[in-house]
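Asks: Below are the structure tokens for one structure; questions will follow.
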Amino acid sequence: MTYYRWMIRNYTNEVSLAGDLARDMKTDAAFPRKEGRNGILDYLFRHRADRSCIRTFDETWRIYAGERRRMRRRPYAGRRRIMRYVVH
């Protein structure tokens, strides 16, 4: 899942700086939806984002990256495994 989709799913309805960022991302048609951390930071700096926006991005990116690492280690987390037994 991209950072963009993760932010929209997790923070759009939240009343916080992260929620503000998610809503701004959603309404900005030019926001880089598939870029990595550096691409998004470049975009924010080019559009003269204030310090609180950059700080919020850094904090939410750390959370996002941590969740991605956990999901890579446990690819079946949250999914039900189906076991098949062979009878001889």
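Quick note on naming: the chains in the structure tokens go A, B, ... in the order shown, residues restart at 1 in each chain, and ligands are numbered from 1 in order of appearance.
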Show which residues sit within 10 Å of Leu21 in chain A, as a list in words. Count only C-alpha atoms, and ignore same-chain residues fewer than 3 positions away.

Replies: Met7, Ile8, Tyr11, Thr12, Ser16, Leu17, Ala18, Asp24, Met25, Lys26, Ser52, Cys53, Ile54, Thr56, Phe57 and Thr60 of chain A

Asks: To test your reading of the structure, identify every residue in range 28-68 of chain A that backbone DSSP assigns to alpha helix (DSSP H), and report it as a PyMOL selection string.

Replies: chain A and resi 37-46+51-68

Asks: Could you save those same residues with C-alpha atoms as an mmCIF file, in the first residue's frame?

Replies:
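Wrote it out as again04.cif, contents follow:
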```cif
data_model
loop_
_atom_site.group_PDB
_atom_site.id
_atom_site.type_symbol
_atom_site.label_atom_id
_atom_site.label_comp_id
_atom_site.auth_asym_id
_atom_site.auth_seq_id
_atom_site.Cartn_x
_atom_site.Cartn_y
_atom_site.Cartn_z
ATOM 1 C CA ARG A 37 9.684 9.584 1.014
ATOM 2 C CA ASN A 38 12.149 11.744 -0.912
ATOM 3 C CA GLY A 39 9.718 12.439 -3.744
ATOM 4 C CA ILE A 40 7.029 13.559 -1.315
ATOM 5 C CA LEU A 41 9.483 15.707 0.663
ATOM 6 C CA ASP A 42 10.636 17.383 -2.564
ATOM 7 C CA TYR A 43 7.015 18.098 -3.433
ATOM 8 C CA LEU A 44 6.303 19.583 0.008
ATOM 9 C CA PHE A 45 9.401 21.794 -0.125
ATOM 10 C CA ARG A 46 8.626 22.957 -3.679
ATOM 11 C CA ARG A 51 7.420 23.247 9.436
ATOM 12 C CA SER A 52 4.419 21.639 11.104
ATOM 13 C CA CYS A 53 3.456 19.992 7.809
ATOM 14 C CA ILE A 54 6.986 18.637 7.297
ATOM 15 C CA ARG A 55 7.127 17.435 10.915
ATOM 16 C CA THR A 56 3.732 15.743 10.562
ATOM 17 C CA PHE A 57 4.857 14.091 7.342
ATOM 18 C CA ASP A 58 8.028 12.791 9.041
ATOM 19 C CA GLU A 59 6.052 11.389 11.993
ATOM 20 C CA THR A 60 3.417 9.699 9.857
ATOM 21 C CA TRP A 61 6.060 8.346 7.461
ATOM 22 C CA ARG A 62 7.851 6.653 10.389
ATOM 23 C CA ILE A 63 4.592 5.005 11.460
ATOM 24 C CA TYR A 64 3.833 3.965 7.870
ATOM 25 C CA ALA A 65 7.331 2.527 7.343
ATOM 26 C CA GLY A 66 7.114 0.608 10.628
ATOM 27 C CA GLU A 67 3.796 -0.938 9.640
ATOM 28 C CA ARG A 68 5.187 -1.907 6.241
#
```

Asks: Just want the 9 Å neighbourhood of Tyr4 in chain A, counted on only C-alpha atoms, with same-chain residues fewer than 2 positions away dropped. Output as a PyMOL selection string.

Replies: chain A and resi 1-2+6-9+22+25-26+31-35

Asks: For the selection you just gave me, I'd like the residues written to a file as a PDB file, in the first residue's frame, keeping N, CA and C atoms.

Replies:
```
ATOM      1  N   MET A   1       0.847  -1.167   0.000  1.00  0.00           N
ATOM      2  CA  MET A   1       0.000   0.000   0.000  1.00  0.00           C
ATOM      3  C   MET A   1       0.900   1.240   0.000  1.00  0.00           C
ATOM      4  N   THR A   2       0.547   2.207  -0.802  1.00  0.00           N
ATOM      5  CA  THR A   2       1.331   3.432  -0.863  1.00  0.00           C
ATOM      6  C   THR A   2       1.066   4.304   0.361  1.00  0.00           C
ATOM      7  N   TRP A   6      -2.457   4.864   2.464  1.00  0.00           N
ATOM      8  CA  TRP A   6      -2.402   4.615   3.903  1.00  0.00           C
ATOM      9  C   TRP A   6      -2.876   5.845   4.672  1.00  0.00           C
ATOM     10  N   MET A   7      -2.427   7.028   4.285  1.00  0.00           N
ATOM     11  CA  MET A   7      -2.840   8.270   4.951  1.00  0.00           C
ATOM     12  C   MET A   7      -4.334   8.503   4.793  1.00  0.00           C
ATOM     13  N   ILE A   8      -4.834   8.323   3.589  1.00  0.00           N
ATOM     14  CA  ILE A   8      -6.262   8.550   3.335  1.00  0.00           C
ATOM     15  C   ILE A   8      -7.098   7.583   4.169  1.00  0.00           C
ATOM     16  N   ARG A   9      -6.717   6.326   4.218  1.00  0.00           N
ATOM     17  CA  ARG A   9      -7.467   5.336   4.998  1.00  0.00           C
ATOM     18  C   ARG A   9      -7.415   5.579   6.500  1.00  0.00           C
ATOM     19  N   ALA A  22      -3.702  14.618   5.566  1.00  0.00           N
ATOM     20  CA  ALA A  22      -4.412  13.626   4.734  1.00  0.00           C
ATOM     21  C   ALA A  22      -5.482  14.289   3.876  1.00  0.00           C
ATOM     22  N   MET A  25      -3.793  16.231   1.121  1.00  0.00           N
ATOM     23  CA  MET A  25      -3.305  15.302   0.105  1.00  0.00           C
ATOM     24  C   MET A  25      -4.447  14.855  -0.803  1.00  0.00           C
ATOM     25  N   LYS A  26      -5.581  14.574  -0.204  1.00  0.00           N
ATOM     26  CA  LYS A  26      -6.730  14.064  -0.960  1.00  0.00           C
ATOM     27  C   LYS A  26      -7.275  15.097  -1.940  1.00  0.00           C
ATOM     28  N   PHE A  31      -0.682  15.984  -5.949  1.00  0.00           N
ATOM     29  CA  PHE A  31       0.125  15.344  -4.912  1.00  0.00           C
ATOM     30  C   PHE A  31       0.675  14.021  -5.438  1.00  0.00           C
ATOM     31  N   PRO A  32       1.975  13.760  -5.196  1.00  0.00           N
ATOM     32  CA  PRO A  32       2.587  12.523  -5.713  1.00  0.00           C
ATOM     33  C   PRO A  32       2.063  11.281  -4.997  1.00  0.00           C
ATOM     34  N   ARG A  33       1.184  10.559  -5.638  1.00  0.00           N
ATOM     35  CA  ARG A  33       0.508   9.426  -5.015  1.00  0.00           C
ATOM     36  C   ARG A  33       1.368   8.168  -4.927  1.00  0.00           C
ATOM     37  N   LYS A  34       2.325   8.029  -5.810  1.00  0.00           N
ATOM     38  CA  LYS A  34       3.121   6.798  -5.827  1.00  0.00           C
ATOM     39  C   LYS A  34       4.592   7.035  -5.547  1.00  0.00           C
ATOM     40  N   GLU A  35       4.941   8.211  -5.084  1.00  0.00           N
ATOM     41  CA  GLU A  35       6.330   8.539  -4.781  1.00  0.00           C
ATOM     42  C   GLU A  35       6.731   7.985  -3.424  1.00  0.00           C
TER      43      GLU A  35
END
```

Asks: Do you have the CA of Glu14 in chain A-CA of Arg72 in chain A distance handy?

Replies: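 Computed distance, CA of Glu14 in chain A to CA of Arg72 in chain A, equals 26.7 Å.
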
Asks: In Å, how far is it from CA of Gly36 in chain A to CA of Val15 in chain A?

Replies: 25.1 Å
